[in-house]
Structure formats: C-alpha cells, structure tokens
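*Asks:* The following file, start10.cif, comprises mmCIF, C-alpha atoms:
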data_coords
#
loop_
_atom_site.label_atom_id
_atom_site.label_comp_id
_atom_site.auth_asym_id
_atom_site.auth_seq_id
_atom_site.Cartn_x
_atom_site.Cartn_y
_atom_site.Cartn_z
CA MET Y 1 57.30 -75.36 16.89
CA HIS Y 2 58.06 -72.71 14.27
CA THR Y 3 60.80 -71.29 16.46
CA PHE Y 4 62.38 -74.73 16.76
CA PHE Y 5 62.33 -75.22 12.99
CA LEU Y 6 63.84 -71.77 12.47
CA THR Y 7 66.62 -72.47 14.99
CA ALA Y 8 67.35 -75.84 13.37
CA ALA Y 9 67.54 -74.27 9.91
CA LEU Y 10 69.96 -71.60 11.16
CA LEU Y 11 72.16 -74.26 12.82
CA ILE Y 12 72.30 -76.21 9.56
CA LEU Y 13 73.20 -72.96 7.79
CA GLY Y 14 76.18 -72.66 10.16
CA THR Y 15 77.35 -76.16 9.25
CA ILE Y 16 77.01 -75.21 5.56
CA LEU Y 17 79.39 -72.31 6.20
CA LEU Y 18 81.87 -74.78 7.74
CA CYS Y 19 81.68 -76.92 4.58
CA LEU Y 20 82.07 -73.82 2.40
CA TYR Y 21 85.56 -73.39 3.84
CA ARG Y 22 86.57 -76.73 2.30
CA VAL Y 23 84.97 -75.80 -1.03
CA LEU Y 24 86.90 -72.54 -1.23
CA TRP Y 25 90.30 -73.59 0.14
CA GLY Y 26 90.34 -77.34 -0.47
CA PRO Y 27 93.76 -78.67 -1.49
CA SER Y 28 92.45 -80.82 -4.34
CA ILE Y 29 89.40 -80.94 -6.58
CA ILE Y 30 88.13 -84.11 -4.89
CA ASP Y 31 87.75 -82.29 -1.55
CA ARG Y 32 85.78 -79.59 -3.28
CA ILE Y 33 83.43 -82.12 -4.89
CA VAL Y 34 82.84 -83.92 -1.57
CA ALA Y 35 82.11 -80.66 0.25
CA ALA Y 36 79.78 -79.46 -2.51
CA ASN Y 37 77.89 -82.77 -2.29
CA ILE Y 38 77.44 -82.23 1.45
CA ILE Y 39 76.23 -78.67 0.90
CA GLY Y 40 73.61 -79.95 -1.57
CA THR Y 41 72.43 -82.57 0.92
CA LYS Y 42 72.04 -79.97 3.66
CA THR Y 43 70.17 -77.69 1.30
CA ILE Y 44 67.46 -80.38 0.97
CA VAL Y 45 66.95 -80.22 4.73
CA ILE Y 46 66.85 -76.40 4.69
CA ILE Y 47 64.22 -76.44 1.91
CA LEU Y 48 62.04 -78.78 3.98
CA PHE Y 49 62.45 -76.58 7.08
CA THR Y 50 61.47 -73.55 5.00
CA GLY Y 51 58.30 -75.34 3.95
CA HIS Y 52 57.46 -76.05 7.59
CA ILE Y 53 58.12 -72.45 8.61
CA PHE Y 54 55.82 -71.04 5.92
CA ASN Y 55 53.15 -73.80 6.35
CA ARG Y 56 53.55 -74.85 2.71
CA VAL Y 57 55.17 -78.27 3.04
CA GLU Y 58 53.32 -79.94 0.16
CA PHE Y 59 54.62 -77.16 -2.10
CA PHE Y 60 58.25 -77.21 -0.99
CA ILE Y 61 58.62 -80.97 -0.85
CA ASP Y 62 58.51 -81.34 -4.64
CA ILE Y 63 61.36 -78.82 -4.87
CA ALA Y 64 63.28 -80.91 -2.33
CA ILE Y 65 62.79 -84.08 -4.41
CA VAL Y 66 64.05 -82.36 -7.56
CA TYR Y 67 66.99 -80.93 -5.63
CA ALA Y 68 67.96 -84.39 -4.40
CA LEU Y 69 67.93 -85.72 -7.98
CA ILE Y 70 69.96 -82.80 -9.35
CA ASN Y 71 72.49 -83.06 -6.50
CA PHE Y 72 73.12 -86.76 -7.21
CA ILE Y 73 73.42 -86.33 -10.98
CA GLY Y 74 75.70 -83.30 -10.62
CA THR Y 75 78.05 -85.02 -8.21
CA LEU Y 76 78.18 -88.12 -10.41
CA GLY Y 77 78.94 -86.03 -13.50
CA PHE Y 78 81.72 -84.08 -11.81
CA ALA Y 79 83.29 -87.24 -10.40
CA LYS Y 80 83.23 -89.08 -13.73
CA TYR Y 81 84.66 -86.05 -15.55
CA PHE Y 82 87.54 -85.57 -13.15
CA GLU Y 83 88.18 -89.30 -13.13
CA GLN Y 84 89.01 -89.16 -16.84
CA LYS Y 85 90.80 -85.81 -16.91
CA ASP Y 86 93.87 -85.45 -14.74
CA HIS Y 87 92.84 -82.34 -12.84
CA THR Y 88 92.71 -84.04 -9.50
CA LYS Y 89 96.21 -83.30 -8.21
CA PRO Y 90 96.50 -80.99 -5.22
CA GLU Y 91 97.29 -77.49 -6.38
CA ALA Y 92 99.21 -76.00 -3.47
CA SER Y 93 101.03 -78.90 -1.80
CA LYS Y 94 103.60 -80.97 -3.73
CA MET B 1 54.77 -86.86 18.62
CA ASN B 2 56.44 -83.48 19.08
CA ILE B 3 58.92 -84.95 21.56
CA VAL B 4 59.94 -87.63 19.04
CA THR B 5 60.34 -84.97 16.34
CA VAL B 6 62.52 -82.75 18.53
CA VAL B 7 64.74 -85.62 19.66
CA LEU B 8 65.22 -86.98 16.13
CA ILE B 9 65.96 -83.56 14.61
CA CYS B 10 68.42 -82.66 17.38
CA THR B 11 70.28 -85.95 16.90
CA GLY B 12 70.37 -85.40 13.14
CA ILE B 13 71.73 -81.88 13.54
CA PHE B 14 74.42 -83.24 15.86
CA PHE B 15 75.52 -85.69 13.15
CA LEU B 16 75.44 -82.97 10.47
CA LEU B 17 77.60 -80.75 12.68
CA THR B 18 80.02 -83.62 13.35
CA GLY B 19 80.36 -84.27 9.63
CA ALA B 20 81.07 -80.60 8.93
CA VAL B 21 83.74 -80.48 11.65
CA GLY B 22 85.27 -83.67 10.25
CA ILE B 23 85.38 -82.20 6.74
CA VAL B 24 87.16 -79.10 8.01
CA ARG B 25 89.56 -80.73 10.49
CA PHE B 26 90.75 -83.97 8.88
CA THR B 27 94.09 -83.91 7.06
CA ASP B 28 93.42 -86.44 4.33
CA THR B 29 91.07 -86.79 1.38
CA TYR B 30 89.83 -90.25 2.28
CA SER B 31 89.24 -89.28 5.92
CA ARG B 32 87.22 -86.28 4.78
CA MET B 33 85.20 -88.57 2.52
CA HIS B 34 84.53 -90.88 5.47
CA ALA B 35 83.20 -88.00 7.60
CA ALA B 36 81.12 -86.77 4.68
CA GLY B 37 79.45 -90.15 4.21
CA LYS B 38 78.38 -90.34 7.86
CA CYS B 39 77.04 -86.81 7.74
CA ASP B 40 75.15 -87.48 4.52
CA THR B 41 73.30 -90.67 5.31
CA LEU B 42 72.78 -90.68 9.07
CA GLY B 43 72.21 -86.96 9.71
CA LEU B 44 69.86 -86.42 6.79
CA LEU B 45 67.97 -89.65 7.50
CA LEU B 46 67.35 -88.71 11.16
CA VAL B 47 66.20 -85.19 10.32
CA LEU B 48 63.87 -86.39 7.57
CA ILE B 49 62.34 -89.13 9.74
CA GLY B 50 61.73 -86.51 12.42
CA LEU B 51 59.94 -84.28 9.93
CA ALA B 52 57.90 -87.24 8.66
CA CYS B 53 56.83 -88.02 12.25
CA TYR B 54 55.75 -84.39 12.62
CA GLN B 55 53.66 -84.62 9.46
CA GLY B 56 51.98 -87.89 10.35
CA ILE B 57 50.67 -90.46 7.93
CA GLY B 58 49.69 -88.97 4.57
CA THR B 59 51.01 -87.91 1.21
CA THR B 60 53.53 -85.43 2.64
CA GLY B 61 55.01 -87.87 5.12
CA LEU B 62 55.25 -90.50 2.41
CA LYS B 63 57.11 -88.08 0.13
CA ILE B 64 59.55 -87.23 2.91
CA PHE B 65 60.20 -90.96 3.34
CA LEU B 66 60.73 -91.15 -0.42
CA ILE B 67 63.43 -88.46 -0.23
CA ALA B 68 65.06 -90.28 2.70
CA ALA B 69 65.11 -93.59 0.83
CA PHE B 70 66.48 -91.94 -2.31
CA VAL B 71 69.32 -90.20 -0.45
CA PHE B 72 70.02 -93.40 1.47
CA LEU B 73 70.56 -95.18 -1.85
CA THR B 74 72.37 -92.47 -3.83
CA SER B 75 74.71 -90.93 -1.26
CA PRO B 76 76.94 -94.03 -0.82
CA THR B 77 76.99 -94.40 -4.60
CA ALA B 78 78.23 -90.84 -5.05
CA THR B 79 80.85 -91.30 -2.33
CA HIS B 80 82.01 -94.52 -3.98
CA VAL B 81 82.40 -92.87 -7.39
CA ILE B 82 84.34 -89.95 -5.88
CA ALA B 83 86.60 -92.36 -3.96
CA ARG B 84 87.28 -94.31 -7.15
CA ALA B 85 88.26 -91.08 -8.92
CA ALA B 86 90.62 -90.23 -6.06
CA LEU B 87 92.12 -93.73 -6.04
CA LYS B 88 92.71 -93.70 -9.78
CA HIS B 89 94.88 -90.59 -9.50
CA HIS B 90 96.94 -92.07 -6.62
CA PHE B 91 95.98 -89.82 -3.77
CA THR B 92 98.20 -90.51 -0.79
CA VAL B 93 96.71 -91.32 2.57
CA PHE B 94 98.52 -88.63 4.54
CA PRO B 95 99.54 -85.70 2.32
CA LYS B 96 101.23 -83.81 5.14
CA GLU B 97 104.27 -85.30 6.85
CA GLY B 98 103.44 -87.89 9.45
CA PRO B 99 100.00 -89.04 10.52
#
Take the structure I supplied and represent it as structure tokens, if you would.
*Replies:*
Amino acid sequence: MHTFFLTAALLILGTILLCLYRVLWGPSIIDRIVAANIIGTKTIVIILFTGHIFNRVEFFIDIAIVYALINFIGTLGFAKYFEQKDHTKPEASK
Amino acid sequence: MNIVTVVLICTGIFFLLTGAVGIVRFTDTYSRMHAAGKCDTLGLLLVLIGLACYQGIGTTGLKIFLIAAFVFLTSPTATHVIARAALKHHFTVFPKEGP
C-alpha cells in the first residue's frame, strides 16, 4: 500500500508541474491566481500522502488543515486586492 | 476496504489530471476557471474520501472528512471571487481570434 501511495503522490506532483506552467507563463494575473489556488489544493493531498507513507498521519493531518485554511485566505486576499487595483489586464496580448 | 481506497484515489487522480490539462490547454480565462473548479472540488473530495476509508472510523478519518467538507465549501467561494474580479475588469471570452 505504501508503493501505491508513493505512486499517487508522484502523479499528483506531475499535475502540479502542469499547473506551474500556467503560473509562470499565464497571460493575465487572474490565470496565475487560479493556477496557484489549484497548486495549493494539490499540496494538501500530497501532505496527506506523505503522512501515510511515513506512518504519521495524525501528525501530518493538522498541517493539512492549516494549509487548507491558509490557501483559502491567501487566494481570497489576492483576488480582492487585484479586484480593486487594475493590474488584471493581460500583459503580452493586446 | 483497500479496493475501495484504490478505486476512489485513482478516480480522484484522474480528475486532478483532467483539471491540470484543462488549465494548460484552454484558451480563455473563464474556461480555465471552469476546469480549475472541477479539479478542486471533485478530485480532492474523491482522494480524501478514499484516504478516510483507508483510515477507518476514528479521529483521523473524521479530520480528513473535516478537510474535505472545508474545501468543498471554500473552493467554490474562491472561484466565485476570482471570477468576479475577472468580470469587473472586462475580460473577454475568447482573447485569441475566433473560438
């Protein structure tokens, strides 16, 4: 079962790399915020898989809860800030 | 119980992968947001329910359900706030020429 959890964590790491492309080369700031939100969500899953791999789930699950809270508050703060400021236009196109 | 865990986690990883491909491939901010919402709620919920089934009934399984319920509430809220920010600054539906 440990091998399965390790394989699943590595697969999710690959999908994080796919999302990192949109964070780095996104046309507008909104795309970057959305992709960063997704990366934070997948990191919660990776933290839980790490706890299962090391047999310390009750230790890692509190970290996962705090990470979920911080991810939500961070995304909300970024979105509200860029809603007021006009930084949201695409940089490269038009 | 292991079979249920494996099936749920594999389905969740499929949805996470689909969301990532949608974020990379779609041409439009709102379409990317749509793919991101599916990936967030459904993929994470399936993976976390699989892990909770692996843990069984107890404090740890209950906490995993707590994370799942929290993300299930907050992820659509975050997507809604981001979409409102995009709509306020008049993002077009198809930035490149033609759909």
*Asks:* Skip Ala36 of chain B itself and residues of its chain fewer than 5 positions away, then list as a PDB file with C-alpha atoms, in the frame of the given file all residues within 12 Å of it, counting only C-alpha atoms.
*Replies:*
ATOM      1  CA  CYS Y  19      81.680 -76.920   4.580  1.00  0.00           C
ATOM      2  CA  ARG Y  22      86.570 -76.730   2.300  1.00  0.00           C
ATOM      3  CA  ASP Y  31      87.750 -82.290  -1.550  1.00  0.00           C
ATOM      4  CA  ARG Y  32      85.780 -79.590  -3.280  1.00  0.00           C
ATOM      5  CA  ILE Y  33      83.430 -82.120  -4.890  1.00  0.00           C
ATOM      6  CA  VAL Y  34      82.840 -83.920  -1.570  1.00  0.00           C
ATOM      7  CA  ALA Y  35      82.110 -80.660   0.250  1.00  0.00           C
ATOM      8  CA  ALA Y  36      79.780 -79.460  -2.510  1.00  0.00           C
ATOM      9  CA  ASN Y  37      77.890 -82.770  -2.290  1.00  0.00           C
ATOM     10  CA  ILE Y  38      77.440 -82.230   1.450  1.00  0.00           C
ATOM     11  CA  ILE Y  39      76.230 -78.670   0.900  1.00  0.00           C
ATOM     12  CA  GLY Y  40      73.610 -79.950  -1.570  1.00  0.00           C
ATOM     13  CA  THR Y  41      72.430 -82.570   0.920  1.00  0.00           C
ATOM     14  CA  LYS Y  42      72.040 -79.970   3.660  1.00  0.00           C
TER      15      LYS Y  42
ATOM     16  CA  PHE B  15      75.520 -85.690  13.150  1.00  0.00           C
ATOM     17  CA  LEU B  16      75.440 -82.970  10.470  1.00  0.00           C
ATOM     18  CA  LEU B  17      77.600 -80.750  12.680  1.00  0.00           C
ATOM     19  CA  THR B  18      80.020 -83.620  13.350  1.00  0.00           C
ATOM     20  CA  GLY B  19      80.360 -84.270   9.630  1.00  0.00           C
ATOM     21  CA  ALA B  20      81.070 -80.600   8.930  1.00  0.00           C
ATOM     22  CA  VAL B  21      83.740 -80.480  11.650  1.00  0.00           C
ATOM     23  CA  GLY B  22      85.270 -83.670  10.250  1.00  0.00           C
ATOM     24  CA  ILE B  23      85.380 -82.200   6.740  1.00  0.00           C
ATOM     25  CA  VAL B  24      87.160 -79.100   8.010  1.00  0.00           C
ATOM     26  CA  ARG B  25      89.560 -80.730  10.490  1.00  0.00           C
ATOM     27  CA  PHE B  26      90.750 -83.970   8.880  1.00  0.00           C
ATOM     28  CA  THR B  29      91.070 -86.790   1.380  1.00  0.00           C
ATOM     29  CA  TYR B  30      89.830 -90.250   2.280  1.00  0.00           C
ATOM     30  CA  SER B  31      89.240 -89.280   5.920  1.00  0.00           C
ATOM     31  CA  THR B  41      73.300 -90.670   5.310  1.00  0.00           C
ATOM     32  CA  LEU B  42      72.780 -90.680   9.070  1.00  0.00           C
ATOM     33  CA  GLY B  43      72.210 -86.960   9.710  1.00  0.00           C
ATOM     34  CA  LEU B  44      69.860 -86.420   6.790  1.00  0.00           C
ATOM     35  CA  SER B  75      74.710 -90.930  -1.260  1.00  0.00           C
ATOM     36  CA  PRO B  76      76.940 -94.030  -0.820  1.00  0.00           C
ATOM     37  CA  ALA B  78      78.230 -90.840  -5.050  1.00  0.00           C
ATOM     38  CA  THR B  79      80.850 -91.300  -2.330  1.00  0.00           C
ATOM     39  CA  HIS B  80      82.010 -94.520  -3.980  1.00  0.00           C
ATOM     40  CA  ILE B  82      84.340 -89.950  -5.880  1.00  0.00           C
ATOM     41  CA  ALA B  83      86.600 -92.360  -3.960  1.00  0.00           C
TER      42      ALA B  83
END
*Asks:* Would you kindly report the residues of chain Y within 9 Å of chain B, using all atoms listed in the file, as a ChimeraX atom specification?
*Replies:* /Y:1,4,8,11-12,14-19,21-22,28,30-31,33-35,37-38,41-42,44-45,48-49,52,57-58,61-62,64-65,68-69,72-73,75-76,78-80,82-84,86,88-90,93-94
*Asks:* Mind giving me the straight-line distance from atom CA of Phe72 of chain B to atom CA of Tyr67 of chain Y in Å, one decimal?
*Replies:*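 Computing the Euclidean distance for atom CA of Phe72 of chain B and atom CA of Tyr67 of chain Y yields 14.7 Å.
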*Asks:* Centre and edge lengths, as JSON, for the axis-aligned box enclosing every listed atom of segment 24-42 of chain Y with 5 Å of padding on each of the six sides, in Å to one decimal?
*Replies:*
{"center_x": 82.9, "center_y": -78.3, "center_z": -1.5, "size_x": 31.7, "size_y": 21.6, "size_z": 20.2}
*Asks:* As an exercise, work out the distance from atom CA of Ala52 of chain B to atom CA of Leu10 of chain Y in Å and give it to one decimal place.
*Replies:* 19.9 Å
*Asks:* Please, what distance in Å, to one decimal, runs between atom CA of Lys38 of chain B and atom CA of Phe65 of chain B?
*Replies:*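 Computing it gives 18.7 Å between the two atoms.
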*Asks:* Using all atoms listed in the file for the distances, tell me which of Y:Thr3, Y:Leu20, Y:Pro27, Y:Ile63 is nearest to Thr27 of chain B.
*Replies:* Y:Pro27
*Asks:* Can you take the partial segment 76-94 of chain B, add N, CA and C atoms, and return it as a tab-separated table (two decimals), in the coordinates of the input?
*Replies:*
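Produced file part-v5.tsv, reproduced below:
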chain	number	residue	atom	x	y	z
B	76	PRO	N	75.78	-93.13	-0.77
B	76	PRO	CA	76.94	-94.03	-0.82
B	76	PRO	C	77.46	-94.26	-2.23
B	77	THR	N	76.54	-94.24	-3.21
B	77	THR	CA	76.99	-94.40	-4.60
B	77	THR	C	77.87	-93.23	-5.02
B	78	ALA	N	77.45	-92.02	-4.69
B	78	ALA	CA	78.23	-90.84	-5.05
B	78	ALA	C	79.59	-90.86	-4.35
B	79	THR	N	79.58	-91.23	-3.06
B	79	THR	CA	80.85	-91.30	-2.33
B	79	THR	C	81.77	-92.34	-2.93
B	80	HIS	N	81.20	-93.47	-3.37
B	80	HIS	CA	82.01	-94.52	-3.98
B	80	HIS	C	82.64	-94.07	-5.29
B	81	VAL	N	81.86	-93.34	-6.11
B	81	VAL	CA	82.40	-92.87	-7.39
B	81	VAL	C	83.51	-91.84	-7.16
B	82	ILE	N	83.32	-90.96	-6.18
B	82	ILE	CA	84.34	-89.95	-5.88
B	82	ILE	C	85.61	-90.63	-5.36
B	83	ALA	N	85.43	-91.65	-4.50
B	83	ALA	CA	86.60	-92.36	-3.96
B	83	ALA	C	87.34	-93.10	-5.05
B	84	ARG	N	86.60	-93.64	-6.05
B	84	ARG	CA	87.28	-94.31	-7.15
B	84	ARG	C	88.08	-93.32	-7.99
B	85	ALA	N	87.52	-92.11	-8.19
B	85	ALA	CA	88.26	-91.08	-8.92
B	85	ALA	C	89.52	-90.67	-8.18
B	86	ALA	N	89.43	-90.59	-6.84
B	86	ALA	CA	90.62	-90.23	-6.06
B	86	ALA	C	91.66	-91.34	-6.10
B	87	LEU	N	91.19	-92.60	-6.05
B	87	LEU	CA	92.12	-93.73	-6.04
B	87	LEU	C	92.82	-93.88	-7.38
B	88	LYS	N	92.13	-93.54	-8.45
B	88	LYS	CA	92.71	-93.70	-9.78
B	88	LYS	C	93.87	-92.73	-9.98
B	89	HIS	N	93.81	-91.57	-9.34
B	89	HIS	CA	94.88	-90.59	-9.50
B	89	HIS	C	95.88	-90.65	-8.36
B	90	HIS	N	95.90	-91.77	-7.60
B	90	HIS	CA	96.94	-92.07	-6.62
B	90	HIS	C	97.05	-91.00	-5.55
B	91	PHE	N	95.92	-90.71	-4.92
B	91	PHE	CA	95.98	-89.82	-3.77
B	91	PHE	C	96.64	-90.54	-2.61
B	92	THR	N	97.55	-89.89	-1.92
B	92	THR	CA	98.20	-90.51	-0.79
B	92	THR	C	97.31	-90.40	0.44
B	93	VAL	N	97.59	-91.28	1.41
B	93	VAL	CA	96.71	-91.32	2.57
B	93	VAL	C	96.96	-90.16	3.49
B	94	PHE	N	98.23	-89.80	3.71
B	94	PHE	CA	98.52	-88.63	4.54
B	94	PHE	C	99.37	-87.65	3.73
